[in-house]
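S.K.: What follows is query.tsv, made up of TSV, C-alpha atoms (C1' of nucleotides):
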```tsv
chain	number	residue	atom	x	y	z
A	71	MET	CA	38.09	-12.60	30.71
A	72	GLY	CA	35.09	-10.32	31.41
A	73	GLU	CA	37.15	-7.18	31.15
A	74	LYS	CA	37.89	-7.72	27.50
A	75	GLU	CA	34.17	-7.94	26.94
A	76	GLN	CA	33.59	-4.79	28.92
A	77	LEU	CA	35.85	-2.88	26.59
A	78	GLU	CA	34.16	-4.32	23.55
A	79	ARG	CA	30.75	-3.49	24.93
A	80	ALA	CA	31.77	0.09	25.57
A	81	ARG	CA	33.10	0.37	22.08
A	82	ALA	CA	30.04	-1.27	20.55
A	83	ARG	CA	27.69	1.09	22.38
A	84	PHE	CA	29.33	4.13	20.91
A	85	ILE	CA	29.56	2.69	17.42
A	86	ASP	CA	25.89	1.85	17.53
A	87	SER	CA	24.86	5.27	18.69
A	88	MET	CA	27.04	6.88	16.06
A	89	ALA	CA	25.67	4.65	13.34
A	90	GLN	CA	22.10	5.42	14.32
A	91	ASN	CA	22.60	9.14	14.07
A	92	MET	CA	24.49	9.11	10.82
A	93	ASN	CA	21.24	9.71	8.97
A	94	LEU	CA	22.05	13.36	9.67
A	95	TYR	CA	24.82	12.96	7.14
A	96	GLY	CA	22.68	10.89	4.82
A	97	ILE	CA	24.34	7.65	5.85
A	98	THR	CA	22.40	4.51	6.72
A	99	PRO	CA	23.02	2.75	10.04
A	100	SER	CA	24.64	-0.25	8.37
A	101	VAL	CA	27.13	1.90	6.54
A	102	GLY	CA	27.66	3.90	9.69
A	103	ARG	CA	28.40	0.79	11.68
A	104	LEU	CA	30.97	-0.19	9.12
A	105	TYR	CA	32.62	3.19	9.48
A	106	GLY	CA	32.63	2.76	13.24
A	107	LEU	CA	34.26	-0.63	12.91
A	108	LEU	CA	37.02	0.82	10.77
A	109	TYR	CA	37.37	3.82	13.03
A	110	PHE	CA	38.24	1.62	16.00
A	111	SER	CA	40.24	-0.93	14.08
A	112	GLU	CA	43.95	-0.86	14.78
A	113	THR	CA	44.83	-2.05	11.31
A	114	PRO	CA	43.26	-1.68	7.86
A	115	MET	CA	40.63	-4.30	7.10
A	116	THR	CA	39.68	-6.50	4.16
A	117	LEU	CA	36.15	-7.03	2.90
A	118	ASP	CA	36.13	-10.55	4.31
A	119	CYS	CA	37.21	-9.29	7.68
A	120	MET	CA	34.45	-6.67	7.76
A	121	LYS	CA	31.92	-9.25	6.66
A	122	ASP	CA	32.90	-11.51	9.56
A	123	GLU	CA	32.86	-8.73	12.12
A	124	LEU	CA	29.47	-7.37	11.11
A	125	GLY	CA	27.86	-10.63	10.06
A	126	MET	CA	26.74	-9.26	6.75
A	127	SER	CA	27.25	-10.24	3.14
A	128	LYS	CA	30.44	-9.46	1.34
A	129	THR	CA	28.40	-7.70	-1.32
A	130	SER	CA	27.12	-5.27	1.28
A	131	MET	CA	30.63	-4.63	2.49
A	132	SER	CA	31.75	-3.94	-1.02
A	133	THR	CA	29.02	-1.41	-1.75
A	134	SER	CA	29.16	0.17	1.69
A	135	VAL	CA	32.88	0.66	1.65
A	136	ARG	CA	32.67	2.12	-1.82
A	137	GLN	CA	30.06	4.57	-0.56
A	138	LEU	CA	32.32	5.56	2.32
A	139	GLN	CA	35.17	5.99	-0.11
A	140	GLU	CA	33.13	8.36	-2.25
A	141	LEU	CA	32.34	10.34	0.88
A	142	LYS	CA	36.05	10.44	1.67
A	143	MET	CA	35.45	8.75	4.99
A	144	VAL	CA	37.46	5.68	4.10
A	145	GLU	CA	40.51	5.08	1.93
A	146	LYS	CA	42.12	2.12	0.30
A	147	VAL	CA	45.65	1.34	1.43
A	148	TRP	CA	48.34	-0.88	-0.03
A	149	LYS	CA	50.39	-3.32	1.88
A	150	LYS	CA	53.00	-5.43	0.17
A	151	GLY	CA	52.28	-9.09	0.09
A	152	VAL	CA	48.57	-8.62	0.69
A	153	ARG	CA	46.46	-9.24	-2.38
A	154	LYS	CA	43.14	-8.25	-0.90
A	155	ASP	CA	42.08	-4.64	-0.83
A	156	LEU	CA	42.66	-3.00	2.51
A	157	TYR	CA	40.61	-0.14	3.85
A	158	GLN	CA	41.00	2.24	6.75
A	159	SER	CA	38.94	5.11	8.08
A	160	ILE	CA	39.79	8.74	7.53
A	161	ASP	CA	39.47	10.38	10.89
A	162	ASP	CA	39.25	14.10	10.24
A	163	TRP	CA	35.62	14.58	11.19
A	164	TYR	CA	35.68	18.32	10.62
A	165	GLU	CA	36.72	17.72	7.05
A	166	THR	CA	34.10	15.03	6.65
A	167	PHE	CA	31.39	17.28	7.99
A	168	SER	CA	32.48	20.04	5.67
A	169	ASP	CA	32.48	17.78	2.63
A	170	LEU	CA	29.22	16.03	3.33
A	171	PHE	CA	27.32	19.14	4.27
A	172	SER	CA	28.58	21.08	1.28
A	173	VAL	CA	27.89	18.41	-1.28
A	174	LYS	CA	24.42	17.59	-0.04
A	175	TRP	CA	23.18	21.12	0.43
A	176	ARG	CA	24.87	22.70	-2.55
A	177	MET	CA	23.22	20.22	-4.82
A	178	GLY	CA	19.75	20.81	-3.45
A	179	VAL	CA	20.01	24.56	-3.33
A	180	SER	CA	21.42	24.79	-6.84
A	181	LEU	CA	18.59	22.78	-8.26
A	182	ASN	CA	16.09	24.95	-6.46
A	183	ILE	CA	17.69	28.15	-7.60
A	184	SER	CA	17.81	27.13	-11.21
A	185	SER	CA	14.17	26.12	-11.35
A	186	LEU	CA	13.30	29.24	-9.40
A	187	ARG	CA	15.07	31.42	-11.96
A	188	LYS	CA	13.29	29.76	-14.81
A	189	SER	CA	9.94	30.34	-13.13
A	190	LEU	CA	10.85	33.90	-12.28
A	191	ASP	CA	11.73	34.64	-15.91
A	192	GLU	CA	8.43	33.27	-17.10
A	193	ILE	CA	6.53	35.30	-14.58
A	194	ASN	CA	8.38	38.48	-15.49
A	195	GLU	CA	7.57	37.85	-19.11
A	196	LEU	CA	3.93	37.51	-18.16
A	197	ILE	CA	4.01	40.78	-16.27
A	198	GLU	CA	5.65	42.65	-19.14
A	199	ASP	CA	3.25	41.20	-21.68
A	200	GLN	CA	0.63	43.69	-22.89
A	201	THR	CA	-1.98	41.04	-23.53
A	202	THR	CA	-2.01	39.78	-19.94
A	203	SER	CA	-5.12	40.78	-18.03
A	204	GLU	CA	-4.63	43.15	-15.12
A	205	GLU	CA	-6.12	40.54	-12.82
A	206	LEU	CA	-3.58	37.92	-13.79
A	207	LYS	CA	-0.76	40.43	-13.52
A	208	ALA	CA	-1.69	41.12	-9.94
A	209	GLU	CA	-1.50	37.42	-9.16
A	210	ALA	CA	1.81	37.17	-10.98
A	211	ARG	CA	3.27	40.01	-8.97
A	212	ILE	CA	2.41	38.26	-5.75
A	213	ASP	CA	4.11	35.09	-6.94
A	214	LYS	CA	7.08	37.09	-8.08
A	215	GLU	CA	7.49	38.56	-4.64
A	216	LYS	CA	7.36	35.15	-3.04
A	217	LEU	CA	9.95	33.79	-5.42
A	218	GLU	CA	12.25	36.71	-4.78
A	219	HIS	CA	11.84	36.20	-1.08
A	220	ALA	CA	12.84	32.57	-1.56
A	221	LEU	CA	15.80	33.55	-3.70
A	222	GLU	CA	17.14	35.80	-0.99
A	223	TYR	CA	16.99	32.91	1.44
A	224	TYR	CA	18.78	30.57	-0.96
A	225	HIS	CA	21.55	33.07	-1.34
A	226	TRP	CA	21.96	33.11	2.38
A	227	ILE	CA	22.13	29.33	2.52
A	228	ASN	CA	24.68	29.41	-0.25
A	229	ARG	CA	26.83	31.75	1.77
A	230	LEU	CA	26.52	29.44	4.77
A	231	ILE	CA	27.62	26.53	2.59
A	232	ASP	CA	30.50	28.63	1.28
A	233	SER	CA	31.74	29.33	4.76
A	234	ILE	CA	31.63	25.65	5.64
A	235	GLU	CA	33.19	24.48	2.41
A	236	THR	CA	36.04	26.98	2.62
A	237	LYS	CA	36.50	26.33	6.35
A	238	GLU	CA	35.93	30.00	7.00
A	239	ILE	CA	33.36	28.87	9.56
A	240	PHE	CA	36.22	27.95	11.87
A	241	LYS	CA	37.06	31.60	12.23
A	242	PHE	CA	33.66	32.11	13.76
A	243	ILE	CA	33.39	28.82	15.59
A	244	PRO	CA	36.92	27.67	16.35
A	245	LYS	CA	37.76	24.01	16.64
A	246	GLY	CA	39.17	24.53	20.16
A	247	LYS	CA	39.12	21.93	22.89
A	248	ASP	CA	37.23	23.87	25.55
A	249	LYS	CA	35.01	22.07	28.02
A	250	GLU	CA	31.33	21.98	27.19
B	120	MET	CA	-6.59	31.43	-21.35
B	121	GLY	CA	-3.09	30.01	-21.82
B	122	GLU	CA	-1.50	32.72	-19.72
B	123	LYS	CA	-3.20	31.57	-16.58
B	124	GLU	CA	-1.76	28.14	-17.22
B	125	GLN	CA	1.67	29.60	-17.79
B	126	LEU	CA	1.61	31.18	-14.36
B	127	GLU	CA	0.48	27.95	-12.78
B	128	ARG	CA	3.14	25.98	-14.57
B	129	ALA	CA	5.84	28.36	-13.37
B	130	ARG	CA	4.56	28.07	-9.84
B	131	ALA	CA	4.28	24.29	-10.04
B	132	ARG	CA	7.84	23.95	-11.29
B	133	PHE	CA	9.23	25.75	-8.31
B	134	ILE	CA	7.03	23.94	-5.81
B	135	ASP	CA	8.13	20.64	-7.27
B	136	SER	CA	11.78	21.48	-7.12
B	137	MET	CA	11.42	22.74	-3.59
B	138	ALA	CA	9.53	19.63	-2.52
B	139	GLN	CA	12.15	17.34	-4.03
B	140	ASN	CA	14.97	18.97	-2.11
B	141	MET	CA	13.19	19.14	1.19
B	142	ASN	CA	14.80	15.85	2.18
B	143	LEU	CA	17.66	18.12	3.32
B	144	TYR	CA	15.34	19.21	6.08
B	145	GLY	CA	14.05	15.71	6.68
B	146	ILE	CA	10.79	16.39	4.87
B	147	THR	CA	9.33	14.03	2.28
B	148	PRO	CA	8.39	15.36	-1.16
B	149	SER	CA	4.68	14.92	-0.50
B	150	VAL	CA	4.83	16.98	2.64
B	151	GLY	CA	7.04	19.47	0.86
B	152	ARG	CA	4.55	19.85	-1.94
B	153	LEU	CA	1.86	20.56	0.59
B	154	TYR	CA	3.99	23.27	2.10
B	155	GLY	CA	4.56	24.73	-1.35
B	156	LEU	CA	0.84	24.73	-2.01
B	157	LEU	CA	0.19	26.64	1.18
B	158	TYR	CA	3.10	28.97	0.56
B	159	PHE	CA	1.59	30.19	-2.69
B	160	SER	CA	-2.00	30.14	-1.54
B	161	GLU	CA	-3.56	33.55	-1.10
B	162	THR	CA	-5.85	32.39	1.65
B	163	PRO	CA	-5.64	29.73	4.37
B	164	MET	CA	-6.77	26.30	3.25
B	165	THR	CA	-8.88	23.49	4.63
B	166	LEU	CA	-7.91	19.81	4.56
B	167	ASP	CA	-10.51	19.14	1.89
B	168	CYS	CA	-9.16	21.93	-0.24
B	169	MET	CA	-5.61	20.58	0.02
B	170	LYS	CA	-6.81	17.11	-0.79
B	171	ASP	CA	-8.47	18.34	-3.96
B	172	GLU	CA	-5.48	20.40	-5.04
B	173	LEU	CA	-2.94	17.62	-4.52
B	174	GLY	CA	-5.17	14.67	-5.37
B	175	MET	CA	-4.28	12.82	-2.22
B	176	SER	CA	-6.26	11.37	0.65
B	177	LYS	CA	-7.60	13.55	3.40
B	178	THR	CA	-5.78	11.35	5.89
B	179	SER	CA	-2.49	12.23	4.28
B	180	MET	CA	-3.34	15.91	4.41
B	181	SER	CA	-4.17	15.59	8.08
B	182	THR	CA	-0.92	13.89	9.00
B	183	SER	CA	1.19	16.02	6.70
B	184	VAL	CA	-0.21	19.28	7.94
B	185	ARG	CA	0.27	18.16	11.51
B	186	GLN	CA	3.87	17.38	10.73
B	187	LEU	CA	4.34	20.82	9.22
B	188	GLN	CA	2.71	22.31	12.27
B	189	GLU	CA	5.15	20.55	14.58
B	190	LEU	CA	7.97	21.92	12.46
B	191	LYS	CA	6.46	25.39	12.80
B	192	MET	CA	6.17	25.69	9.05
B	193	VAL	CA	2.38	25.91	9.11
B	194	GLU	CA	-0.12	27.31	11.57
B	195	LYS	CA	-3.78	26.92	12.21
B	196	VAL	CA	-5.85	30.06	11.85
B	197	TRP	CA	-9.36	30.90	12.95
B	198	LYS	CA	-11.96	32.57	10.83
B	199	LYS	CA	-15.40	33.26	12.18
B	200	GLY	CA	-18.16	31.32	10.57
B	201	VAL	CA	-15.80	28.66	9.21
B	202	ARG	CA	-16.05	25.39	11.06
B	203	LYS	CA	-13.27	23.58	9.27
B	204	ASP	CA	-9.71	24.03	10.42
B	205	LEU	CA	-7.79	26.51	8.32
B	206	TYR	CA	-4.04	26.37	7.77
B	207	GLN	CA	-1.53	28.78	6.35
B	208	SER	CA	2.21	28.63	5.81
B	209	ILE	CA	4.70	30.40	8.03
B	210	ASP	CA	7.07	32.13	5.68
B	211	ASP	CA	10.13	32.99	7.72
B	212	TRP	CA	12.51	30.55	6.13
B	213	TYR	CA	15.46	31.66	8.19
B	214	GLU	CA	13.55	30.82	11.32
B	215	THR	CA	12.44	27.51	9.83
B	216	PHE	CA	15.98	26.59	8.90
B	217	SER	CA	17.16	27.48	12.37
B	218	ASP	CA	14.47	25.41	14.05
B	219	LEU	CA	14.77	22.37	11.83
B	220	PHE	CA	18.52	22.27	11.83
B	221	SER	CA	18.74	22.73	15.57
B	222	VAL	CA	16.16	20.15	16.46
B	223	LYS	CA	17.46	17.48	14.12
B	224	TRP	CA	21.14	17.87	14.89
B	225	ARG	CA	20.85	18.59	18.58
B	226	MET	CA	18.94	15.38	19.07
B	227	GLY	CA	21.46	13.24	17.26
B	228	VAL	CA	24.51	14.84	18.80
B	229	SER	CA	23.08	14.64	22.32
B	230	LEU	CA	22.38	10.95	21.98
B	231	ASN	CA	25.87	10.37	20.70
B	232	ILE	CA	27.47	12.37	23.46
B	233	SER	CA	25.58	10.60	26.19
B	234	SER	CA	26.45	7.14	24.96
B	235	LEU	CA	30.00	8.31	24.38
B	236	ARG	CA	30.27	9.50	27.98
B	237	LYS	CA	28.95	6.25	29.29
B	238	SER	CA	31.50	4.32	27.26
B	239	LEU	CA	34.26	6.69	28.27
B	240	ASP	CA	33.46	6.20	31.94
B	241	GLU	CA	33.58	2.46	31.57
B	242	ILE	CA	36.88	2.61	29.79
B	243	ASN	CA	38.38	4.90	32.39
B	244	GLU	CA	37.26	2.50	35.06
B	245	LEU	CA	38.98	-0.28	33.19
B	246	ILE	CA	42.18	1.71	32.96
B	247	GLU	CA	42.17	2.54	36.66
B	248	ASP	CA	41.41	-1.03	37.65
B	249	GLN	CA	44.41	-2.84	39.14
B	250	THR	CA	43.27	-6.22	37.88
B	251	THR	CA	43.23	-5.22	34.23
B	252	SER	CA	46.07	-6.67	32.22
B	253	GLU	CA	48.62	-4.25	30.83
B	254	GLU	CA	47.80	-5.47	27.36
B	255	LEU	CA	44.12	-4.63	27.69
B	256	LYS	CA	44.92	-1.28	29.25
B	257	ALA	CA	46.93	-0.35	26.19
B	258	GLU	CA	43.99	-1.16	23.99
B	259	ALA	CA	41.69	0.77	26.28
B	260	ARG	CA	43.89	3.84	26.10
B	261	ILE	CA	43.73	3.83	22.33
B	262	ASP	CA	39.95	3.66	22.44
B	263	LYS	CA	39.88	6.39	25.02
B	264	GLU	CA	41.84	8.67	22.76
B	265	LYS	CA	39.50	8.01	19.87
B	266	LEU	CA	36.47	8.74	22.02
B	267	GLU	CA	37.97	11.96	23.27
B	268	HIS	CA	38.74	12.97	19.73
B	269	ALA	CA	35.12	12.33	18.86
B	270	LEU	CA	33.93	14.28	21.86
B	271	GLU	CA	35.90	17.30	20.82
B	272	TYR	CA	34.21	17.21	17.43
B	273	TYR	CA	30.77	16.88	18.98
B	274	HIS	CA	31.42	19.92	21.09
B	275	TRP	CA	32.25	21.84	17.97
B	276	ILE	CA	29.04	20.71	16.30
B	277	ASN	CA	27.16	21.72	19.40
B	278	ARG	CA	28.62	25.19	19.20
B	279	LEU	CA	27.63	25.38	15.56
B	280	ILE	CA	24.10	24.37	16.47
B	281	ASP	CA	24.12	26.96	19.27
B	282	SER	CA	25.05	29.70	16.88
B	283	ILE	CA	22.25	28.72	14.52
B	284	GLU	CA	19.68	28.26	17.24
B	285	THR	CA	20.45	31.61	18.87
B	286	LYS	CA	20.67	33.35	15.46
B	287	GLU	CA	24.20	34.40	16.31
B	288	ILE	CA	25.15	32.92	12.96
B	289	PHE	CA	23.63	35.97	11.30
B	290	LYS	CA	26.37	38.11	12.73
B	291	PHE	CA	28.83	36.08	10.74
B	292	ILE	CA	26.68	35.48	7.70
B	293	PRO	CA	24.22	38.36	7.49
B	294	LYS	CA	20.82	37.92	5.92
B	295	GLY	CA	21.46	40.78	3.46
B	296	LYS	CA	20.02	40.96	-0.02
B	297	ASP	CA	23.26	41.23	-2.00
B	298	LYS	CA	23.48	39.76	-5.46
B	299	GLU	CA	25.01	36.31	-5.74
C	23	DA	C1'	-31.50	13.35	21.48
C	24	DA	C1'	-30.80	12.37	16.62
C	25	DG	C1'	-28.35	13.80	12.73
C	26	DT	C1'	-24.22	16.20	10.51
C	27	DT	C1'	-19.62	17.39	9.70
C	28	DC	C1'	-14.87	17.19	10.71
C	29	DG	C1'	-10.32	15.33	11.97
C	30	DT	C1'	-7.55	11.47	13.12
C	31	DA	C1'	-6.31	6.33	14.78
C	32	DC	C1'	-5.67	2.19	12.97
C	33	DA	C1'	-5.19	-1.61	9.85
C	34	DG	C1'	-4.16	-2.84	5.36
C	35	DT	C1'	-1.90	-1.95	0.93
C	36	DT	C1'	1.38	-0.23	-2.11
C	37	DA	C1'	5.91	1.72	-3.18
C	38	DA	C1'	10.88	2.17	-2.06
C	39	DA	C1'	15.08	0.96	0.04
C	40	DA	C1'	18.34	-2.26	2.06
C	41	DC	C1'	20.33	-6.54	1.87
C	42	DT	C1'	21.69	-11.26	0.03
C	43	DG	C1'	23.31	-14.98	-3.21
C	44	DT	C1'	24.76	-16.18	-7.51
C	45	DA	C1'	27.53	-15.59	-11.17
C	46	DC	C1'	31.12	-13.59	-13.76
C	47	DG	C1'	35.33	-10.67	-15.18
C	48	DA	C1'	39.95	-9.33	-13.76
C	49	DA	C1'	44.21	-10.28	-11.75
C	50	DC	C1'	47.17	-13.37	-9.89
C	51	DT	C1'	49.58	-18.35	-9.48
C	52	DA	C1'	51.55	-22.57	-11.11
D	5	DT	C1'	46.70	-22.54	-20.28
D	6	DA	C1'	44.19	-24.13	-16.36
D	7	DG	C1'	43.20	-23.13	-11.70
D	8	DT	C1'	42.62	-19.68	-7.77
D	9	DT	C1'	41.18	-15.69	-5.41
D	10	DC	C1'	38.99	-11.34	-5.19
D	11	DG	C1'	35.56	-7.71	-5.98
D	12	DT	C1'	31.31	-6.26	-7.96
D	13	DA	C1'	26.90	-6.36	-11.26
D	14	DC	C1'	22.63	-8.04	-11.23
D	15	DA	C1'	18.37	-10.24	-9.97
D	16	DG	C1'	15.62	-11.63	-6.32
D	17	DT	C1'	14.15	-11.21	-1.47
D	18	DT	C1'	13.22	-9.00	2.77
D	19	DT	C1'	12.50	-4.96	5.41
D	20	DT	C1'	10.89	-0.35	5.99
D	21	DA	C1'	8.41	3.78	4.90
D	22	DA	C1'	4.54	6.13	2.59
D	23	DC	C1'	-0.05	6.28	1.52
D	24	DT	C1'	-5.13	4.97	1.56
D	25	DG	C1'	-9.85	3.65	3.28
D	26	DT	C1'	-12.62	2.63	6.92
D	27	DA	C1'	-14.37	3.64	11.10
D	28	DC	C1'	-15.04	6.25	15.16
D	29	DG	C1'	-15.00	10.18	18.72
D	30	DA	C1'	-15.73	15.11	19.28
D	31	DA	C1'	-18.12	19.21	18.30
D	32	DC	C1'	-21.70	21.37	16.22
D	33	DT	C1'	-26.84	21.86	14.39
D	34	DT	C1'	-31.79	21.22	14.65
```
Translate this structure into structure tokens?

M.R.:
Amino acid sequence: MGEKEQLERARARFIDSMAQNMNLYGITPSVGRLYGLLYFSETPMTLDCMKDELGMSKTSMSTSVRQLQELKMVEKVWKKGVRKDLYQSIDDWYETFSDLFSVKWRMGVSLNISSLRKSLDEINELIEDQTTSEELKAEARIDKEKLEHALEYYHWINRLIDSIETKEIFKFIPKGKDKE
Amino acid sequence: MGEKEQLERARARFIDSMAQNMNLYGITPSVGRLYGLLYFSETPMTLDCMKDELGMSKTSMSTSVRQLQELKMVEKVWKKGVRKDLYQSIDDWYETFSDLFSVKWRMGVSLNISSLRKSLDEINELIEDQTTSEELKAEARIDKEKLEHALEYYHWINRLIDSIETKEIFKFIPKGKDKE
DNA sequence: AAGTTCGTACAGTTAAAACTGTACGAACTA
DNA sequence: TAGTTCGTACAGTTTTAACTGTACGAACTT
């Protein structure tokens, strides 16, 4: 039955490619492959089932699936009579992109802004201070300008994140199904 | 001269924070710190100078600065009488974001799309084929639908990348200097 | 041409991340 | 209560990435 294999090969190729490029979302290939497996699975899967399909340890499945759950890419489902935990993929990729992008970038930018503010305050203090030498003040003013320049950029990034988090971005770039 | 140190500490805090969060752009902290150093440097720097400032090997400086060059975050400058290569940071962060985001994402999405197309073709072939069992065809149709769903999403991402690469995004989210 | 200085390739080392196997607690079964 | 089954914490191992030191080619100086 070579045709069955052909289908599986086609599926596997895409899953692999997808898994490889998931680093864009901060997801390792192994975890990505697991997502791909669930994405194409007809029915929800157990840890043991995943383990068998991917040829990895059950421990890995457990931690990977938990990771995917935290990213809201996978959810646990209940089925009466089945004692094992069952998982299935969540297939709204727009939502996933929005979540992942927002979380990752917001975190980084916030940290940067807060340390930037602290530094900016200190530098302002230095500039105000009477005892600071004129020479040092000049240097401080240059730094201040650079920090303010950076701050402006961070605010822009924050607004970009806002528009993605709130889905406002879809007003500008609609989801549509147009050809490439 | 504690005030000099205060300025340096303020600067170092920001550079460190920036460097830590550069993984968002696919840049390691070490390379990020080098960029920060150059960003705040009054004058272009030599490899030896960077090495001394960061306490790392000259080899690392060489490879890191080359990386930053490829990302168009740093450029080589000429100064008559100076034999060593001189480097300075490129400070248009909007441009940098645009470049980095486009390059990284375009690459990944393209690879995914091309493998997706190949798989889609194979599956279509399978569906058309007279010899394929009805059972397998049903399975193939499900896969086909999932692949097409994915393709639609990739096209959206591509349009997002387009808008960032062409700077059209700034029409929607202007660079402005408004308060947060 | 011989002697410097500079930047980078390459091989080796160190540091970090991914993965596995064991072992154990929780929940179920008899 | 004793016996299963399941999922995960933890420690140990393997794999991968980052960094260093040596060594060499290219370009310059004398």

S.K.: Taking only C-alpha atoms into account, which of A:Ser185, A:Thr116, A:Thr166, A:Ser100 comes nearest Lys149 in chain A?

M.R.: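 Checking each candidate against Lys149 in chain A, we get A:Thr116 as the closest.
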
S.K.: Set the distance at 9 Å and use only C-alpha atoms (C1' of nucleotides): which residues neighbour range 39-44 of chain C once local chain neighbours fewer than 4 positions away are removed? I'd like the list as a VMD selection string.

M.R.: (chain A and resid 126 to 127 129 to 130) or (chain D and resid 16 to 21)

S.K.: Which residues of chain A are close to chain D, meaning at most 10 Å apart when you count only C-alpha atoms (C1' of nucleotides), and how do they look as a list in words?

M.R.: Leu117, Asp118, Lys128, Thr129, Ser132, Thr133, Arg153, Lys154 and Asp155 of chain A

S.K.: Excluding Leu170 in chain A and residues on its chain fewer than 5 positions from it, collect all residues at most 12 Å away from it, counting all atoms listed in the file, and give them as a list in words.

M.R.: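 In the requested form, the answer reads Met92, Asn93, Leu94, Tyr95, Gly96, Ile97, Leu138, Glu140, Leu141, Lys142, Met143, Trp163, Tyr164, Glu165, Trp175, Arg176, Met177, Ile231, Ile234 and Glu235 of chain A; Leu143 of chain B.
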
S.K.: Could you turn the residues from that selection into a file that holds C-alpha atoms, as an mmCIF file, in the frame of the given file?

M.R.:
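Saved file again_20.cif follows:
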```
data_model
loop_
_atom_site.group_PDB
_atom_site.id
_atom_site.type_symbol
_atom_site.label_atom_id
_atom_site.label_comp_id
_atom_site.auth_asym_id
_atom_site.auth_seq_id
_atom_site.Cartn_x
_atom_site.Cartn_y
_atom_site.Cartn_z
ATOM 1 C CA MET A 92 24.490 9.110 10.820
ATOM 2 C CA ASN A 93 21.240 9.710 8.970
ATOM 3 C CA LEU A 94 22.050 13.360 9.670
ATOM 4 C CA TYR A 95 24.820 12.960 7.140
ATOM 5 C CA GLY A 96 22.680 10.890 4.820
ATOM 6 C CA ILE A 97 24.340 7.650 5.850
ATOM 7 C CA LEU A 138 32.320 5.560 2.320
ATOM 8 C CA GLU A 140 33.130 8.360 -2.250
ATOM 9 C CA LEU A 141 32.340 10.340 0.880
ATOM 10 C CA LYS A 142 36.050 10.440 1.670
ATOM 11 C CA MET A 143 35.450 8.750 4.990
ATOM 12 C CA TRP A 163 35.620 14.580 11.190
ATOM 13 C CA TYR A 164 35.680 18.320 10.620
ATOM 14 C CA GLU A 165 36.720 17.720 7.050
ATOM 15 C CA TRP A 175 23.180 21.120 0.430
ATOM 16 C CA ARG A 176 24.870 22.700 -2.550
ATOM 17 C CA MET A 177 23.220 20.220 -4.820
ATOM 18 C CA ILE A 231 27.620 26.530 2.590
ATOM 19 C CA ILE A 234 31.630 25.650 5.640
ATOM 20 C CA GLU A 235 33.190 24.480 2.410
ATOM 21 C CA LEU B 143 17.660 18.120 3.320
#
```

S.K.: Considering all atoms listed in the file, state which residue in the set A:Gly125, A:Glu73, A:Ala89, A:Arg81 is at the smallest distance from Thr250 in chain B.

M.R.: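 Checking each of A:Gly125, A:Glu73, A:Ala89, A:Arg81 against Thr250 in chain B, counting all atoms listed in the file, the winner is A:Glu73.
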
S.K.: Take the point (34.4, 6.4, 24.2) in the file's coordinates, draw a sphere of radius 6 Å around it, and report as an mmCIF file with C-alpha atoms, in the coordinates of the input every protein, DNA or RNA residue with an atom inside or on it, counting only C-alpha atoms (C1' of nucleotides).

M.R.:
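Okay, this is what ended up in out.cif:
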```
data_model
loop_
_atom_site.group_PDB
_atom_site.id
_atom_site.type_symbol
_atom_site.label_atom_id
_atom_site.label_comp_id
_atom_site.auth_asym_id
_atom_site.auth_seq_id
_atom_site.Cartn_x
_atom_site.Cartn_y
_atom_site.Cartn_z
ATOM 1 C CA LEU B 235 30.000 8.310 24.380
ATOM 2 C CA SER B 238 31.500 4.320 27.260
ATOM 3 C CA LEU B 239 34.260 6.690 28.270
ATOM 4 C CA LYS B 263 39.880 6.390 25.020
ATOM 5 C CA LEU B 266 36.470 8.740 22.020
#
```

S.K.: With a distance cut-off of 8 Å and all atoms listed in the file, select the neighbouring residues of Arg229 in chain A, excluding the residue or stretch itself and same-chain residues fewer than 4 positions from it, and output the selection as a ChimeraX atom specification.

M.R.: /A:225,233 /B:292

S.K.: Just how far from CA of Arg152 in chain B is CA of Leu279 in chain B, in Å to one decimal?

M.R.: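 Between CA of Leu279 in chain B and CA of Arg152 in chain B the gap works out to 29.5 Å.
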
S.K.: Take CA of Glu198 in chain A and CA of Lys294 in chain B and report the distance between them in Å, one decimal.

M.R.: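 Taking CA of Glu198 in chain A as the start and CA of Lys294 in chain B as the end point, the length is 29.7 Å.
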
S.K.: In Å, how far is it from CA of Glu124 in chain B to CA of Ser136 in chain B?

M.R.: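 These atoms are spaced 18.2 Å apart.
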
S.K.: Counting only C-alpha atoms, which of A:Glu205, A:Glu192, A:Glu145, A:Asp169 gets nearest to chain B?

M.R.: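 Closest candidate: A:Glu192.
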
S.K.: Within 9 Å of chain B, which residues belong to chain C? Use all atoms listed in the file and report them as a PDB file with C-alpha atoms (C1' of nucleotides), keeping the file's coordinate frame.

M.R.:
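Generated file (part_30.pdb):
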```pdb
ATOM      1  C1'  DT C  27     -19.620  17.390   9.700  1.00  0.00           C
ATOM      2  C1'  DC C  28     -14.870  17.190  10.710  1.00  0.00           C
ATOM      3  C1'  DG C  29     -10.320  15.330  11.970  1.00  0.00           C
ATOM      4  C1'  DT C  30      -7.550  11.470  13.120  1.00  0.00           C
TER       5       DT C  30
END
```

S.K.: Compile the contact shell of Gly72 in chain A as a PDB file with C-alpha atoms, keeping the file's coordinate frame: residues with an atom at most 12 Å away, counting only C-alpha atoms (C1' of nucleotides), same-chain residues fewer than 6 positions apart removed.

M.R.:
```
ATOM      1  CA  GLU A  78      34.160  -4.320  23.550  1.00  0.00           C
ATOM      2  CA  ARG A  79      30.750  -3.490  24.930  1.00  0.00           C
TER       3      ARG A  79
ATOM      4  CA  LEU B 245      38.980  -0.280  33.190  1.00  0.00           C
ATOM      5  CA  THR B 250      43.270  -6.220  37.880  1.00  0.00           C
ATOM      6  CA  THR B 251      43.230  -5.220  34.230  1.00  0.00           C
ATOM      7  CA  SER B 252      46.070  -6.670  32.220  1.00  0.00           C
ATOM      8  CA  LEU B 255      44.120  -4.630  27.690  1.00  0.00           C
TER       9      LEU B 255
END
```
